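Peer 1: Got a file for you: target-v1.cif, mmCIF, C-alpha atoms.
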```cif
data_final
loop_
_atom_site.label_atom_id
_atom_site.label_comp_id
_atom_site.auth_asym_id
_atom_site.auth_seq_id
_atom_site.Cartn_x
_atom_site.Cartn_y
_atom_site.Cartn_z
CA MET A 1 22.80 137.01 86.03
CA PHE A 2 23.42 138.80 89.28
CA VAL A 3 27.18 138.26 89.03
CA THR A 4 27.39 139.61 85.52
CA MET A 5 25.56 142.76 86.50
CA CYS A 6 27.98 143.55 89.29
CA ASP A 7 30.96 142.71 87.15
CA PRO A 8 32.39 145.68 85.22
CA LEU A 9 34.10 143.38 82.68
CA PRO A 10 32.44 141.20 80.06
CA PRO A 11 33.09 137.42 80.43
CA VAL A 12 35.68 137.34 77.60
CA TYR A 13 37.99 139.72 79.51
CA LYS A 14 37.49 137.70 82.63
CA TYR A 15 38.79 134.67 80.76
CA TYR A 16 42.00 136.46 79.74
CA MET A 17 42.54 137.79 83.24
CA MET A 18 42.12 134.34 84.74
CA ARG A 19 44.55 132.92 82.22
CA GLN A 20 47.02 135.66 83.04
CA LEU A 21 46.59 134.84 86.70
CA TYR A 22 47.25 131.15 86.11
CA ILE A 23 50.40 131.89 84.10
CA THR A 24 51.66 134.27 86.81
CA ALA A 25 50.91 131.71 89.48
CA ALA A 26 52.74 129.06 87.50
CA ILE A 27 55.80 131.30 87.06
CA ILE A 28 55.87 132.14 90.76
CA THR A 29 55.57 128.45 91.69
CA LEU A 30 58.37 127.53 89.30
CA MET A 31 60.64 130.29 90.58
CA THR A 32 60.00 129.27 94.18
CA ALA A 33 60.82 125.68 93.30
CA LEU A 34 64.06 126.68 91.56
CA THR A 35 65.10 128.98 94.38
CA SER A 36 64.45 126.38 97.04
CA CYS A 37 66.52 123.87 95.05
CA GLY A 38 69.39 126.33 95.08
CA GLU A 39 68.97 127.03 98.75
CA THR A 40 68.74 123.41 99.83
CA ASP A 41 72.07 122.40 101.26
CA ILE A 42 72.89 119.39 99.11
CA ASP A 43 75.89 117.59 100.54
CA ASP A 44 78.26 116.72 97.72
CA VAL A 45 81.48 116.56 99.67
CA LYS A 46 83.31 113.40 100.68
CA PRO A 47 84.51 112.97 104.25
CA ILE A 48 88.23 113.11 105.05
CA ILE A 49 90.45 110.58 106.77
CA ASP A 50 93.41 112.37 108.30
CA LEU A 51 96.36 110.31 109.45
CA SER A 52 98.73 113.25 109.61
CA VAL A 53 97.73 114.13 113.17
CA GLU A 54 100.47 113.36 115.62
CA SER A 55 98.76 110.52 117.47
CA ALA A 56 97.42 108.72 114.37
CA PHE A 57 98.19 105.00 114.33
CA PRO A 58 98.97 102.93 112.43
CA ARG A 59 100.49 104.80 109.52
CA ASN A 60 101.80 103.46 106.27
CA CYS A 61 104.68 100.99 106.79
CA ASP A 62 104.12 100.72 110.56
CA THR A 63 104.47 97.38 112.35
CA LEU A 64 101.95 95.70 114.65
CA TYR A 65 103.03 92.95 117.02
CA LEU A 66 101.22 89.69 117.71
CA GLY A 67 99.56 89.52 121.12
CA GLU A 68 100.15 93.20 121.85
CA ALA A 69 97.22 95.59 122.13
CA PHE A 70 97.41 98.81 120.16
CA THR A 71 95.08 101.77 119.65
CA PHE A 72 93.88 102.56 116.16
CA ARG A 73 93.60 106.32 116.03
CA ALA A 74 92.56 108.49 113.10
CA SER A 75 91.01 111.90 112.68
CA PHE A 76 87.81 112.14 110.62
CA ALA A 77 86.08 115.22 109.24
CA ASP A 78 83.05 116.01 107.10
CA ASN A 79 81.45 119.22 105.87
CA GLN A 80 78.01 118.28 107.26
CA GLU A 81 77.82 115.14 109.37
CA LEU A 82 79.93 112.05 109.82
CA GLY A 83 78.30 108.62 109.65
CA SER A 84 80.37 105.52 110.28
CA PHE A 85 83.77 103.96 109.67
CA SER A 86 85.21 100.53 109.23
CA VAL A 87 88.53 98.82 109.68
CA ASP A 88 89.61 95.89 107.56
CA ILE A 89 92.87 94.02 108.10
CA HIS A 90 93.85 91.36 105.56
CA GLN A 91 97.00 89.65 104.41
CA ASN A 92 99.11 91.08 101.63
CA PHE A 93 101.53 88.22 101.19
CA ASP A 94 101.18 88.54 97.41
CA HIS A 95 101.77 92.33 97.47
CA HIS A 96 98.51 93.17 95.73
CA SER A 97 97.50 96.76 95.37
CA HIS A 98 94.53 98.96 96.14
CA SER A 99 94.14 102.20 94.23
CA THR A 100 93.89 104.24 97.45
CA GLU A 101 97.33 103.32 98.61
CA VAL A 102 99.84 106.03 99.20
CA THR A 103 103.30 104.60 98.76
CA ALA A 104 104.88 101.18 98.78
CA CYS A 105 106.88 99.98 101.76
CA GLU A 106 109.73 97.53 101.96
CA PHE A 107 108.03 94.17 101.59
CA SER A 108 108.98 90.76 102.93
CA PRO A 109 109.27 88.03 100.27
CA GLU A 110 105.96 86.89 98.77
CA LYS A 111 104.48 83.77 100.36
CA GLU A 112 101.39 81.60 100.48
CA PRO A 113 99.02 82.26 103.39
CA VAL A 114 98.63 79.46 105.96
CA ASN A 115 96.59 81.07 108.74
CA PRO A 116 96.40 84.77 107.93
CA PHE A 117 94.77 87.24 110.30
CA GLN A 118 91.52 88.68 108.97
CA TYR A 119 89.48 91.36 110.65
CA THR A 120 86.57 93.53 109.54
CA MET A 121 84.50 95.71 111.82
CA ASP A 122 82.07 98.61 111.35
CA TYR A 123 81.79 101.38 113.90
CA ASP A 124 79.16 104.11 114.26
CA ILE A 125 80.16 107.69 114.85
CA PRO A 126 77.94 109.60 117.34
CA ALA A 127 75.28 111.68 115.53
CA GLY A 128 75.74 115.34 114.70
CA LEU A 129 79.54 115.49 114.45
CA THR A 130 81.63 117.08 111.71
CA GLU A 131 84.90 116.12 113.39
CA TYR A 132 85.76 112.98 115.26
CA VAL A 133 88.88 111.26 116.48
CA ALA A 134 88.37 107.51 116.29
CA GLU A 135 90.09 105.47 118.96
CA VAL A 136 89.71 101.73 118.88
CA GLU A 137 91.63 99.28 121.01
CA LEU A 138 92.65 96.26 118.94
CA GLU A 139 94.81 93.22 119.45
CA ILE A 140 95.99 90.69 116.93
CA PRO A 141 96.13 87.29 118.62
CA ALA A 142 99.33 85.25 118.36
CA SER A 143 97.19 82.22 117.57
CA ASP A 144 93.56 81.32 116.96
CA ALA A 145 91.50 78.23 116.13
CA GLY A 146 93.56 77.77 112.96
CA GLY A 147 96.89 77.73 114.84
CA ALA A 148 99.65 80.34 114.89
CA VAL A 149 98.74 83.54 113.03
CA ASP A 150 100.85 84.28 109.94
CA THR A 151 103.30 87.14 110.28
CA GLY A 152 104.24 89.27 107.29
CA ASP A 153 102.83 91.96 105.06
CA TYR A 154 99.25 93.04 105.67
CA HIS A 155 96.85 95.73 104.53
CA PHE A 156 95.13 97.94 107.06
CA PHE A 157 92.13 99.36 105.26
CA ILE A 158 90.13 102.28 106.68
CA SER A 159 86.75 103.36 105.24
CA LEU A 160 84.81 106.42 106.30
CA THR A 161 81.23 107.23 105.28
CA ASP A 162 79.33 110.43 105.99
CA LYS A 163 75.67 110.62 106.98
CA VAL A 164 74.37 110.83 103.39
CA GLY A 165 76.65 108.15 101.98
CA TRP A 166 79.77 109.85 100.61
CA SER A 167 82.75 107.69 101.42
CA ALA A 168 86.52 107.82 101.54
CA SER A 169 89.05 105.10 102.13
CA LYS A 170 92.72 104.69 102.90
CA GLY A 171 94.70 101.52 102.50
CA LEU A 172 97.88 101.22 104.53
CA SER A 173 100.63 98.69 104.06
CA ILE A 174 101.69 97.38 107.45
CA LYS A 175 103.60 94.46 108.86
CA ILE A 176 102.42 92.10 111.55
CA LEU A 177 105.42 90.59 113.31
CA GLU A 178 106.37 88.69 116.40
CA ARG A 179 108.25 90.72 119.00
CA MET B 180 73.19 109.51 86.41
CA PRO B 181 75.76 107.30 88.13
CA GLU B 182 79.33 107.55 86.86
CA ILE B 183 81.80 104.71 86.40
CA ASP B 184 85.50 105.35 86.08
CA MET B 185 87.20 102.01 85.45
CA HIS B 186 90.84 102.22 86.53
CA GLU B 187 91.84 98.64 86.05
CA PHE B 188 90.03 95.89 84.21
CA GLY B 189 91.77 92.54 84.14
CA TYR B 190 95.32 91.98 85.29
CA GLU B 191 97.27 95.23 84.81
CA ASN B 192 94.36 96.61 82.80
CA THR B 193 94.78 94.12 79.96
CA GLY B 194 91.13 92.99 79.86
CA THR B 195 92.28 89.40 80.28
CA ALA B 196 92.02 86.64 82.86
CA SER B 197 92.83 82.93 83.02
CA PRO B 198 90.68 79.94 83.93
CA GLY B 199 91.55 79.00 87.51
CA GLY B 200 92.58 82.57 88.23
CA ASP B 201 90.53 85.64 88.85
CA LEU B 202 89.32 88.70 87.04
CA HIS B 203 90.50 91.77 88.84
CA MET B 204 88.80 95.15 88.56
CA ASP B 205 89.07 98.50 90.20
CA ALA B 206 86.63 101.32 89.48
CA GLU B 207 85.60 104.60 91.01
CA ILE B 208 81.83 104.88 91.17
CA VAL B 209 79.90 108.06 91.94
CA ALA B 210 76.10 108.32 92.18
CA SER B 211 74.99 111.60 93.69
CA ALA B 212 71.45 110.17 93.87
CA THR B 213 72.91 107.30 95.98
CA ILE B 214 73.87 103.82 94.81
CA SER B 215 71.09 101.24 94.92
CA GLU B 216 72.96 98.28 93.51
CA ILE B 217 75.97 97.32 91.45
CA SER B 218 75.91 94.26 89.25
CA ILE B 219 78.30 92.39 87.01
CA GLU B 220 77.35 90.30 84.01
CA ILE B 221 79.72 88.23 81.94
CA HIS B 222 78.71 86.04 79.08
CA GLY B 223 80.25 84.60 75.95
CA GLY B 224 80.11 86.52 72.69
CA GLU B 225 78.16 85.11 69.75
CA GLU B 226 81.24 83.59 68.24
CA HIS B 227 81.98 82.01 71.57
CA ALA B 228 78.48 80.57 71.87
CA HIS B 229 79.08 78.85 68.56
CA LYS B 230 82.23 77.20 69.93
CA LYS B 231 80.59 76.16 73.17
CA ALA B 232 79.95 72.57 72.10
CA VAL B 233 83.67 72.00 71.71
CA TYR B 234 84.15 72.43 75.43
CA ASP B 235 82.00 69.54 76.67
CA GLY B 236 79.09 71.82 77.35
CA HIS B 237 81.11 73.84 79.83
CA GLU B 238 80.35 77.50 79.74
CA TRP B 239 81.04 80.39 82.00
CA GLU B 240 78.51 83.04 82.88
CA VAL B 241 78.44 85.52 85.70
CA ASP B 242 75.43 87.42 86.99
CA THR B 243 76.22 88.85 90.39
CA VAL B 244 74.45 91.63 92.25
CA TYR B 245 76.34 93.50 94.93
CA THR B 246 73.98 95.08 97.44
CA GLU B 247 76.58 95.99 100.05
CA TYR B 248 77.23 99.30 98.27
CA SER B 249 73.60 100.38 98.69
CA GLY B 250 73.32 103.72 100.47
CA LEU B 251 76.73 105.01 99.39
CA LYS B 252 77.14 107.94 97.06
CA ASN B 253 80.61 106.93 95.97
CA THR B 254 82.83 103.95 96.35
CA THR B 255 85.95 102.28 95.10
CA PHE B 256 84.66 99.12 93.53
CA HIS B 257 87.51 96.65 93.99
CA GLU B 258 86.45 93.11 93.23
CA HIS B 259 87.97 89.83 92.14
CA ILE B 260 85.83 87.39 90.26
CA GLU B 261 86.96 83.80 90.40
CA VAL B 262 87.23 82.21 86.97
CA PRO B 263 86.58 78.46 87.19
CA GLU B 264 89.14 76.02 85.77
CA THR B 265 86.47 74.74 83.39
CA ALA B 266 85.70 78.12 81.79
CA PRO B 267 86.33 77.91 78.04
CA LEU B 268 89.00 80.19 76.59
CA GLY B 269 87.85 82.95 74.27
CA GLU B 270 86.03 86.22 74.02
CA TYR B 271 83.40 87.34 76.52
CA HIS B 272 81.30 90.43 77.08
CA PHE B 273 81.58 92.16 80.41
CA TYR B 274 79.05 94.60 81.87
CA LEU B 275 79.31 96.57 85.09
CA LYS B 276 75.97 98.19 85.92
CA VAL B 277 75.35 100.80 88.57
CA THR B 278 71.76 101.68 89.45
CA ASP B 279 70.95 104.65 91.64
CA MET B 280 68.02 105.15 94.01
CA GLU B 281 66.10 107.05 91.32
CA GLY B 282 66.38 104.12 88.95
CA TYR B 283 68.99 105.61 86.61
CA GLN B 284 71.56 103.17 85.37
CA GLU B 285 75.07 103.52 83.98
CA ILE B 286 76.74 100.63 82.22
CA TYR B 287 80.44 100.03 81.65
CA GLU B 288 80.90 97.59 78.82
CA ALA B 289 84.11 95.86 77.78
CA ASP B 290 85.49 92.84 75.97
CA LEU B 291 87.06 90.24 78.19
CA GLU B 292 89.41 87.59 76.93
CA LEU B 293 90.03 84.36 78.77
CA LYS B 294 93.43 82.99 77.89
CA GLU B 295 96.13 80.89 79.49
CA GLY B 296 99.03 82.40 81.38
CA VAL B 297 97.51 85.58 82.80
CA GLU B 298 99.14 86.13 86.16
CA HIS B 299 96.95 85.44 89.15
CA ASP B 300 96.07 88.43 91.17
CA HIS B 301 94.62 87.49 94.53
CA LYS B 302 92.86 89.90 96.79
#
```
Give the structure from this file in structure tokens form.
Peer 2:
Amino acid sequence: MFVTMCDPLPPVYKYYMMRQLYITAAIITLMTALTSCGETDIDDVKPIIDLSVESAFPRNCDTLYLGEAFTFRASFADNQELGSFSVDIHQNFDHHSHSTEVTACEFSPEKEPVNPFQYTMDYDIPAGLTEYVAEVELEIPASDAGGAVDTGDYHFFISLTDKVGWSASKGLSIKILER
Amino acid sequence: MPEIDMHEFGYENTGTASPGGDLHMDAEIVASATISEISIEIHGGEEHAHKKAVYDGHEWEVDTVYTEYSGLKNTTFHEHIEVPETAPLGEYHFYLKVTDMEGYQEIYEADLELKEGVEHDHK
């Protein structure tokens, strides 16, 4: 009773005003939501593996030698933050293809694997970087538990993943030979 | 929604494979909501099921879930599925399913034919 007396508007108007207020509030909330979606920096860009830098190794059609250490070196970049990379070396005696491959090299004759070299390793990239030059010392043993390691055509497969999960890969055709 | 772009399905994109060989596939997969899992299902068509008895009860079915792609937003899905020597020749249905972290699923569906003489394509 007291409230109504102090109120200059009859209850029916109050109802419309409240409704108006709710609608306005809803519109403002919606607009804020839409704007913040637009402003949020959604990462939709894949990272980049760059093997064109001068010191990059190996490159397509390069040769690695049994028992000799070499440094894998590649330049990585991402628009926001890099995550991790992996290296996978596997035999290519049958000259199979991966869709990421650049060009074909001169292959040795096809053959059946006896004791092919196989290597897969994941590496973390320090947090917070948009550019990184990976340097990993590797050596392909001349022999292992299975005997002498097969020489011939191999694939050197590089994968790069950024912090949120976009990935890129490069498959290189290389040779592993005996010096 | 995840996206599947199948580049090569079966040897040289013929949709075929041979018993004792492998089924080769190469697809680009993008899921901006992040991949949760990728799975492959292969089973005989209805006509095939009818013929099954002829092959001494041998049948070939695949139901494989790949979880190693979880967390990626895109990947090149390059897999080889071994086809056992005992797999009966004929028509099969093939499904490649990609599920993202929000539960959305995209399915690539194709006919697969098992026949003799398809060149082996090792990894």
Peer 1: Output as a ChimeraX atom specification the set of chain A residues within 7 Å of chain B, with distances taken over only C-alpha atoms.
Peer 2: /A:96,165-167
Peer 1: Which residues match the PyMOL selection byres ((chain B and resi 188) around 12) in the file above, as a ChimeraX atom specification?
Peer 2: /B:184-187,189-196,201-207,256-260,273-275,287-292,300
Peer 1: Please indicate the distance in Å from atom CA of A:Pro47 to atom CA of A:Leu129, rounded to one decimal place.
Peer 2: 11.6 Å
Peer 1: Could you check which of B:Met180, B:Ala266, B:Ile208, B:Met280 is closest to B:Glu238, using all atoms listed in the file?
Peer 2: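 Of all the options, B:Ala266 lies closest to B:Glu238.
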Peer 1: Quick one: of B:Pro267, B:Pro198, B:Gly296, B:Gly282, who's nearest to B:Gly223, counting all atoms listed in the file?
Peer 2: B:Pro267
Peer 1: Please compute the atom CA of B:Lys276-atom CA of B:Ser215 distance, one decimal, in Å.
Peer 2: 10.7 Å
Peer 1: Hey, what's within 7 Å of stretch 59-72 of chain A if we count all atoms listed in the file and toss same-chain stuff fewer than 3 positions away? As a PyMOL selection string, please?
Peer 2: chain A and resi 51+56+105+135-142+172-179
Peer 1: Show me the residues around (96.9, 113.0, 108.0) - criterion: an atom at most 12 Å away, only C-alpha atoms counted - as a PyMOL selection string.
Peer 2: chain A and resi 48-60+73-77+102+133+170
Peer 1: In Å to one decimal, how far is atom CA of A:Glu131 from atom CA of A:Val87?
Peer 2: 18.1 Å
Peer 1: Evaluate the PyMOL selection byres ((chain A and resi 116) around 6) and record the selected residues as an MDAnalysis selection string, following the chain and residue labels used in the document.
Peer 2: chainID A and resid 113 115 117 149:150
Peer 1: Which residue is closest to B:Val262? Choose from B:Glu295, B:Trp239, B:Gly224, B:Glu216 and count all atoms listed in the file.
Peer 2: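 Closest to B:Val262 of all the choices is B:Trp239.
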Peer 1: Out of B:Val241, B:Ile221, B:Ile183, B:Leu293, which residue has the shortest atom-to-atom distance to B:Thr278 when counting all atoms listed in the file?
Peer 2: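 Ranked by minimum distance to B:Thr278, first place goes to B:Ile183.
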Peer 1: Tell me which protein, DNA and RNA residues are within 8 Å of B:Asp242, counting all atoms listed in the file, leaving out same-chain ones fewer than 6 positions away, and put them as a compact mmCIF listing (two decimals) with C-alpha atoms, in the coordinates of the input.
Peer 2:
```txt
# COMPACT_ATOMS: atom_id res chain seq x y z
CA SER B 218 75.91 94.26 89.25
CA ILE B 219 78.30 92.39 87.01
CA GLU B 220 77.35 90.30 84.01
CA ILE B 221 79.72 88.23 81.94
```
Peer 1: Between A:Gln91, A:Thr161, A:Thr130, A:Thr24, which one has atoms that come closest to A:Gln118, using all atoms listed in the file?
Peer 2: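 Closest candidate: A:Gln91.
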Peer 1: Just add N, CA and C atoms to stretch 187-200 of chain B and send it as a PDB file, keeping the file's coordinate frame.
Peer 2:
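Saved the output as selection22.pdb:
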```
ATOM      1  N   GLU B 187      91.116  99.848  86.416  1.00  0.00           N
ATOM      2  CA  GLU B 187      91.840  98.640  86.050  1.00  0.00           C
ATOM      3  C   GLU B 187      90.850  97.533  85.773  1.00  0.00           C
ATOM      4  N   PHE B 188      90.924  96.975  84.584  1.00  0.00           N
ATOM      5  CA  PHE B 188      90.030  95.890  84.210  1.00  0.00           C
ATOM      6  C   PHE B 188      90.863  94.726  83.699  1.00  0.00           C
ATOM      7  N   GLY B 189      90.890  93.655  84.476  1.00  0.00           N
ATOM      8  CA  GLY B 189      91.770  92.540  84.140  1.00  0.00           C
ATOM      9  C   GLY B 189      93.162  92.838  84.666  1.00  0.00           C
ATOM     10  N   TYR B 190      93.995  91.813  84.719  1.00  0.00           N
ATOM     11  CA  TYR B 190      95.320  91.980  85.290  1.00  0.00           C
ATOM     12  C   TYR B 190      96.095  93.091  84.577  1.00  0.00           C
ATOM     13  N   GLU B 191      96.553  94.065  85.330  1.00  0.00           N
ATOM     14  CA  GLU B 191      97.270  95.230  84.810  1.00  0.00           C
ATOM     15  C   GLU B 191      96.537  95.869  83.637  1.00  0.00           C
ATOM     16  N   ASN B 192      95.225  95.927  83.757  1.00  0.00           N
ATOM     17  CA  ASN B 192      94.360  96.610  82.800  1.00  0.00           C
ATOM     18  C   ASN B 192      94.438  96.041  81.384  1.00  0.00           C
ATOM     19  N   THR B 193      94.638  94.738  81.275  1.00  0.00           N
ATOM     20  CA  THR B 193      94.780  94.120  79.960  1.00  0.00           C
ATOM     21  C   THR B 193      93.449  93.544  79.451  1.00  0.00           C
ATOM     22  N   GLY B 194      92.404  93.550  80.296  1.00  0.00           N
ATOM     23  CA  GLY B 194      91.130  92.990  79.860  1.00  0.00           C
ATOM     24  C   GLY B 194      91.176  91.482  79.690  1.00  0.00           C
ATOM     25  N   THR B 195      92.124  90.853  80.399  1.00  0.00           N
ATOM     26  CA  THR B 195      92.280  89.400  80.280  1.00  0.00           C
ATOM     27  C   THR B 195      92.268  88.733  81.647  1.00  0.00           C
ATOM     28  N   ALA B 196      91.955  87.464  81.654  1.00  0.00           N
ATOM     29  CA  ALA B 196      92.020  86.640  82.860  1.00  0.00           C
ATOM     30  C   ALA B 196      92.227  85.204  82.400  1.00  0.00           C
ATOM     31  N   SER B 197      92.604  84.329  83.358  1.00  0.00           N
ATOM     32  CA  SER B 197      92.830  82.930  83.020  1.00  0.00           C
ATOM     33  C   SER B 197      91.882  82.029  83.789  1.00  0.00           C
ATOM     34  N   PRO B 198      91.449  80.921  83.176  1.00  0.00           N
ATOM     35  CA  PRO B 198      90.680  79.940  83.930  1.00  0.00           C
ATOM     36  C   PRO B 198      91.492  79.479  85.145  1.00  0.00           C
ATOM     37  N   GLY B 199      90.847  79.366  86.282  1.00  0.00           N
ATOM     38  CA  GLY B 199      91.550  79.000  87.510  1.00  0.00           C
ATOM     39  C   GLY B 199      92.140  80.194  88.233  1.00  0.00           C
ATOM     40  N   GLY B 200      92.077  81.348  87.598  1.00  0.00           N
ATOM     41  CA  GLY B 200      92.580  82.570  88.230  1.00  0.00           C
ATOM     42  C   GLY B 200      91.416  83.460  88.609  1.00  0.00           C
TER      43      GLY B 200
END
```
